[in-house]
Amino acid sequence: MIEPKADLRKDAEQRRRTLARAGFATAIAGFAGALALPEGAVVSGYWAFREEADPRALMLALGAKGHPLALPCVVAKHTPLRFHRWRESDAMRVGAFGIAEPLVGAEAVTPSVLLVPLLAFDGEGTRLGYGGGYYDRTLAVLRAQGPVRAIGIAYAGQEVPALPHAAHDQRLDAILTEKGLRTFAPVMPA
C-alpha cells in the first residue's frame with residue numbers, strides 16, 4: 001500500500017538530506033548534450049531550495065550552448081508559475097518561500113523545457129513535489145499550448161518504487177541524476 005502523500009513528503013525530505021552531493025552539479029552539467037534540446041529552446045531551471053538537487057551548473061552549460069535561460073516566479077497561491085529571463089550576473093530578489101527569483105522587470109518568457117525540482121520520483125515519471133501544485137498547474141497550462149518537456153532534477157537516491165498519481169498530476173518526460181538521463185513514455189497533452 002502506498003503511503004499518503006504527506007507521509008511520503010516527510011520521508012522523502014528526510015531521505016534527501018542524507019544523500020551525498022559532492023560533485024553532483026558537475027556530474028549533471030556533463031549530461032547537457034544528452035538532453036538533445038532543440039536549438040534555441042528556452043530552458044527554465046530553478047533556484048535550489050533546502051537540499052534540492054542544484055541545476056545551476058547544468059543551466060550554465062545549456063546557456064553556453066545558446067539556450068536562453070529562465071527562472072520561475074510564484075505569482076500567487078493556486079496559480080501557474082511565471083517565467084522570467086535569467087543570466088548568471090542578474091540581480092535577484094527574494095520571492096515566495098524565501099527562494100531567489102528574477103527581478104519583476106526581467107523579460108517574461110515561455111519555456112519549452114522545464115528543469116523541475118522534486119522530493120521523490122518513480123520509474124513511471126511520477127514526481128512528488130511539496131504539495132503546492134505549482135508545477136502541475138504550470139505544466140498543464142504549457143502542455144495545452146504546445147510541446148513542453150519536463151525534466152526532473154534529482155539525486156539518484158530519491159527514486160522510490162511507486163508514487164500515488166492523481167488525475168491533475170503532471171508526469172515527467174525524463175529524470176536527470178548524477179547517474180545520467182532516463183526518459184519515460186511520452187506525456188500526451190490533455
# chains A, B, ... in the order shown; residues from 1 in each chain; ligands from 1
$ select_by_dssp --residues "stretch 7-175 of chain A" --states "strand (DSSP E)" --output "ChimeraX atom specification"
/A:43-44,69-73,82-85,92-94,100-102,113-116,120-121,127-128,149-153,174-175
$ write_last_selection --atoms "N, CA and C atoms" --output "compact mmCIF listing (two decimals), in the first residue's frame"
# COMPACT_ATOMS: atom_id res chain seq x y z
N VAL A 43 15.04 27.33 -21.69
CA VAL A 43 15.11 26.39 -20.58
C VAL A 43 14.87 27.12 -19.27
N SER A 44 13.88 26.67 -18.52
CA SER A 44 13.67 27.20 -17.18
C SER A 44 14.22 26.20 -16.18
N LEU A 69 17.94 31.17 -20.85
CA LEU A 69 17.60 30.60 -19.55
C LEU A 69 16.54 31.44 -18.85
N ALA A 70 15.77 30.77 -18.02
CA ALA A 70 14.72 31.44 -17.24
C ALA A 70 14.64 30.81 -15.86
N LEU A 71 14.02 31.55 -14.96
CA LEU A 71 13.70 31.04 -13.63
C LEU A 71 12.22 31.31 -13.37
N PRO A 72 11.58 30.45 -12.58
CA PRO A 72 10.17 30.66 -12.28
C PRO A 72 9.96 31.68 -11.17
N CYS A 73 8.81 32.30 -11.20
CA CYS A 73 8.38 33.21 -10.14
C CYS A 73 6.98 32.78 -9.71
N ARG A 82 5.16 31.93 -13.33
CA ARG A 82 5.50 32.84 -14.43
C ARG A 82 7.02 32.73 -14.58
N PHE A 83 7.51 32.84 -15.80
CA PHE A 83 8.94 32.66 -16.06
C PHE A 83 9.56 33.95 -16.58
N HIS A 84 10.74 34.24 -16.08
CA HIS A 84 11.47 35.43 -16.49
C HIS A 84 12.90 35.04 -16.88
N ARG A 85 13.38 35.73 -17.90
CA ARG A 85 14.74 35.51 -18.40
C ARG A 85 15.73 35.66 -17.25
N MET A 92 18.88 39.56 -8.23
CA MET A 92 17.73 38.72 -7.87
C MET A 92 17.00 39.36 -6.70
N ARG A 93 15.80 38.86 -6.46
CA ARG A 93 15.04 39.28 -5.29
C ARG A 93 14.58 38.03 -4.55
N VAL A 94 14.23 38.19 -3.30
CA VAL A 94 13.70 37.07 -2.53
C VAL A 94 12.20 37.01 -2.80
N ALA A 100 15.10 32.67 -4.27
CA ALA A 100 15.55 33.75 -5.17
C ALA A 100 14.80 33.67 -6.50
N GLU A 101 14.38 34.85 -6.98
CA GLU A 101 13.67 34.97 -8.26
C GLU A 101 14.23 36.15 -9.03
N PRO A 102 14.05 36.15 -10.36
CA PRO A 102 14.45 37.32 -11.14
C PRO A 102 13.65 38.55 -10.68
N VAL A 113 11.29 23.91 -22.17
CA VAL A 113 11.93 22.88 -21.34
C VAL A 113 11.93 23.38 -19.91
N LEU A 114 11.43 22.55 -19.00
CA LEU A 114 11.46 22.89 -17.58
C LEU A 114 12.31 21.87 -16.84
N LEU A 115 13.30 22.36 -16.10
CA LEU A 115 14.05 21.54 -15.16
C LEU A 115 13.27 21.65 -13.86
N VAL A 116 12.81 20.52 -13.35
CA VAL A 116 11.82 20.52 -12.28
C VAL A 116 12.40 19.94 -10.98
N ALA A 120 10.74 13.24 -4.58
CA ALA A 120 10.93 11.83 -4.95
C ALA A 120 10.36 11.64 -6.35
N PHE A 121 10.77 10.54 -6.99
CA PHE A 121 10.25 10.17 -8.30
C PHE A 121 10.21 8.66 -8.38
N ARG A 127 6.19 12.34 -10.14
CA ARG A 127 7.01 13.22 -9.31
C ARG A 127 6.25 13.55 -8.04
N LEU A 128 6.98 13.55 -6.92
CA LEU A 128 6.41 14.01 -5.66
C LEU A 128 7.01 15.38 -5.37
N ARG A 149 8.77 20.08 -22.44
CA ARG A 149 9.45 18.92 -21.87
C ARG A 149 9.76 19.19 -20.40
N ALA A 150 9.35 18.29 -19.51
CA ALA A 150 9.61 18.41 -18.08
C ALA A 150 10.67 17.38 -17.68
N ILE A 151 11.81 17.88 -17.22
CA ILE A 151 12.92 17.02 -16.83
C ILE A 151 13.17 17.22 -15.34
N GLY A 152 12.90 16.18 -14.56
CA GLY A 152 13.16 16.23 -13.13
C GLY A 152 14.66 16.22 -12.87
N ILE A 153 15.09 17.00 -11.89
CA ILE A 153 16.49 17.03 -11.48
C ILE A 153 16.54 16.47 -10.06
N ALA A 174 11.38 13.07 -18.38
CA ALA A 174 12.69 12.47 -18.12
C ALA A 174 13.13 12.85 -16.71
N ILE A 175 14.13 12.14 -16.25
CA ILE A 175 14.77 12.46 -14.97
C ILE A 175 16.28 12.48 -15.21
$ residues_around --residues "A:Ala36" --least-positions-apart "5" --cutoff "12 Å" --atoms "only C-alpha atoms" --output "ChimeraX atom specification"
/A:31,41,62,65,67,113,149,174,181,183
$ atom_distance --atom1 "atom CA of A:Tyr130" --atom2 "atom CA of A:Leu142"
20.0 Å
$ select_by_dssp --residues "stretch 2-165 of chain A" --states "alpha helix (DSSP H)" --output "CSV table (one decimal) with N, CA and C atoms, in the first residue's frame"
chain,number,residue,atom,x,y,z
A,5,LYS,N,0.4,11.1,0.6
A,5,LYS,CA,1.4,12.0,0.1
A,5,LYS,C,2.1,12.8,1.2
A,6,ALA,N,1.4,13.2,2.3
A,6,ALA,CA,2.0,13.9,3.4
A,6,ALA,C,3.1,13.1,4.0
A,7,ASP,N,2.8,11.8,4.3
A,7,ASP,CA,3.8,11.0,4.9
A,7,ASP,C,5.0,10.7,3.9
A,8,LEU,N,4.7,10.6,2.6
A,8,LEU,CA,5.7,10.4,1.6
A,8,LEU,C,6.6,11.6,1.6
A,9,ARG,N,6.1,12.8,1.6
A,9,ARG,CA,6.9,14.0,1.6
A,9,ARG,C,7.8,14.1,2.8
A,10,LYS,N,7.3,13.8,3.9
A,10,LYS,CA,8.1,13.8,5.1
A,10,LYS,C,9.3,12.9,5.0
A,11,ASP,N,9.0,11.6,4.6
A,11,ASP,CA,10.1,10.6,4.4
A,11,ASP,C,11.1,11.0,3.3
A,12,ALA,N,10.5,11.6,2.2
A,12,ALA,CA,11.4,11.9,1.1
A,12,ALA,C,12.3,13.1,1.5
A,13,GLU,N,11.8,14.1,2.2
A,13,GLU,CA,12.7,15.2,2.7
A,13,GLU,C,13.8,14.7,3.6
A,14,GLN,N,13.4,13.8,4.5
A,14,GLN,CA,14.4,13.2,5.4
A,14,GLN,C,15.5,12.4,4.6
A,15,ARG,N,15.1,11.6,3.7
A,15,ARG,CA,16.0,10.8,2.9
A,15,ARG,C,16.9,11.7,2.0
A,16,ARG,N,16.3,12.8,1.4
A,16,ARG,CA,17.1,13.7,0.6
A,16,ARG,C,18.3,14.3,1.4
A,17,ARG,N,18.0,14.6,2.7
A,17,ARG,CA,19.1,15.3,3.5
A,17,ARG,C,20.3,14.4,3.6
A,24,PHE,N,27.8,16.6,-7.5
A,24,PHE,CA,26.6,16.4,-8.2
A,24,PHE,C,26.4,17.4,-9.4
A,25,ALA,N,26.6,18.7,-9.1
A,25,ALA,CA,26.4,19.8,-10.1
A,25,ALA,C,27.3,19.5,-11.3
A,26,THR,N,28.5,19.2,-11.1
A,26,THR,CA,29.4,18.9,-12.2
A,26,THR,C,29.0,17.7,-13.0
A,27,ALA,N,28.5,16.7,-12.3
A,27,ALA,CA,28.0,15.4,-13.0
A,27,ALA,C,26.9,15.7,-13.9
A,28,ILE,N,25.9,16.4,-13.4
A,28,ILE,CA,24.7,16.6,-14.2
A,28,ILE,C,25.0,17.6,-15.4
A,29,ALA,N,25.9,18.6,-15.1
A,29,ALA,CA,26.2,19.5,-16.2
A,29,ALA,C,26.9,18.8,-17.3
A,56,ARG,N,22.0,24.6,-11.4
A,56,ARG,CA,22.6,25.8,-11.9
A,56,ARG,C,23.8,25.6,-12.8
A,57,ALA,N,24.6,24.6,-12.5
A,57,ALA,CA,25.7,24.3,-13.4
A,57,ALA,C,25.2,23.8,-14.7
A,58,LEU,N,24.2,23.0,-14.7
A,58,LEU,CA,23.6,22.4,-15.9
A,58,LEU,C,23.0,23.6,-16.7
A,59,MET,N,22.3,24.5,-16.0
A,59,MET,CA,21.7,25.7,-16.7
A,59,MET,C,22.8,26.5,-17.4
A,60,LEU,N,23.9,26.7,-16.7
A,60,LEU,CA,25.0,27.5,-17.3
A,60,LEU,C,25.6,26.7,-18.5
A,61,ALA,N,25.7,25.4,-18.5
A,61,ALA,CA,26.2,24.6,-19.6
A,61,ALA,C,25.2,24.7,-20.8
A,62,LEU,N,23.9,24.7,-20.5
A,62,LEU,CA,22.9,24.9,-21.6
A,62,LEU,C,22.9,26.3,-22.1
A,63,GLY,N,23.1,27.3,-21.3
A,63,GLY,CA,23.3,28.7,-21.7
A,63,GLY,C,24.4,28.8,-22.6
A,64,ALA,N,25.5,28.2,-22.3
A,64,ALA,CA,26.7,28.2,-23.2
A,64,ALA,C,26.5,27.6,-24.5
A,134,TYR,N,2.2,23.9,-7.9
A,134,TYR,CA,2.7,24.9,-8.8
A,134,TYR,C,3.1,24.3,-10.2
A,135,TYR,N,4.0,23.3,-10.1
A,135,TYR,CA,4.5,22.7,-11.3
A,135,TYR,C,3.4,21.9,-12.1
A,136,ASP,N,2.5,21.3,-11.3
A,136,ASP,CA,1.4,20.6,-12.0
A,136,ASP,C,0.5,21.6,-12.8
A,137,ARG,N,0.1,22.7,-12.2
A,137,ARG,CA,-0.7,23.7,-12.8
A,137,ARG,C,0.0,24.3,-14.0
A,138,THR,N,1.3,24.6,-13.8
A,138,THR,CA,2.1,25.2,-14.9
A,138,THR,C,2.3,24.3,-16.1
A,139,LEU,N,2.6,23.0,-15.8
A,139,LEU,CA,2.8,22.1,-16.9
A,139,LEU,C,1.5,21.9,-17.6
A,140,ALA,N,0.4,21.8,-16.9
A,140,ALA,CA,-0.9,21.6,-17.6
A,140,ALA,C,-1.2,22.8,-18.6
A,141,VAL,N,-0.9,24.0,-18.1
A,141,VAL,CA,-1.1,25.2,-19.0
A,141,VAL,C,-0.2,25.1,-20.2
A,142,LEU,N,1.1,24.9,-19.9
A,142,LEU,CA,2.1,24.9,-21.0
A,142,LEU,C,1.8,23.8,-22.0
A,143,ARG,N,1.5,22.6,-21.5
A,143,ARG,CA,1.3,21.5,-22.4
A,143,ARG,C,0.0,21.7,-23.3
A,144,ALA,N,-1.0,22.4,-22.7
A,144,ALA,CA,-2.2,22.8,-23.5
A,144,ALA,C,-1.8,23.7,-24.7
A,145,GLN,N,-0.7,24.5,-24.5
A,145,GLN,CA,-0.3,25.5,-25.5
A,145,GLN,C,0.6,24.9,-26.6
$ closest_residue --among "A:Gly180, A:Pro117, A:Gly125, A:Gly95" --to "A:Gly30" --atoms "only C-alpha atoms"
A:Gly180
$ closest_residue --among "A:Pro4, A:Gly98, A:Gly123, A:Gly105" --to "A:Ala162" --atoms "only C-alpha atoms"
A:Gly123
$ decode --residues "stretch 35-46 of chain A" --atoms "C-alpha atoms" --output "PDB file, in the first residue's frame"
ATOM      1  CA  LEU A  35      19.333  16.261 -23.249  1.00  0.00           C
ATOM      2  CA  ALA A  36      19.303  16.781 -27.052  1.00  0.00           C
ATOM      3  CA  LEU A  37      17.318  20.016 -26.818  1.00  0.00           C
ATOM      4  CA  PRO A  38      16.107  21.798 -29.939  1.00  0.00           C
ATOM      5  CA  GLU A  39      18.320  24.709 -30.965  1.00  0.00           C
ATOM      6  CA  GLY A  40      17.422  27.870 -29.052  1.00  0.00           C
ATOM      7  CA  ALA A  41      14.924  26.138 -26.741  1.00  0.00           C
ATOM      8  CA  VAL A  42      14.160  28.326 -23.716  1.00  0.00           C
ATOM      9  CA  VAL A  43      15.106  26.389 -20.579  1.00  0.00           C
ATOM     10  CA  SER A  44      13.671  27.201 -17.178  1.00  0.00           C
ATOM     11  CA  GLY A  45      15.560  25.877 -14.213  1.00  0.00           C
ATOM     12  CA  TYR A  46      15.020  26.708 -10.581  1.00  0.00           C
TER      13      TYR A  46
END
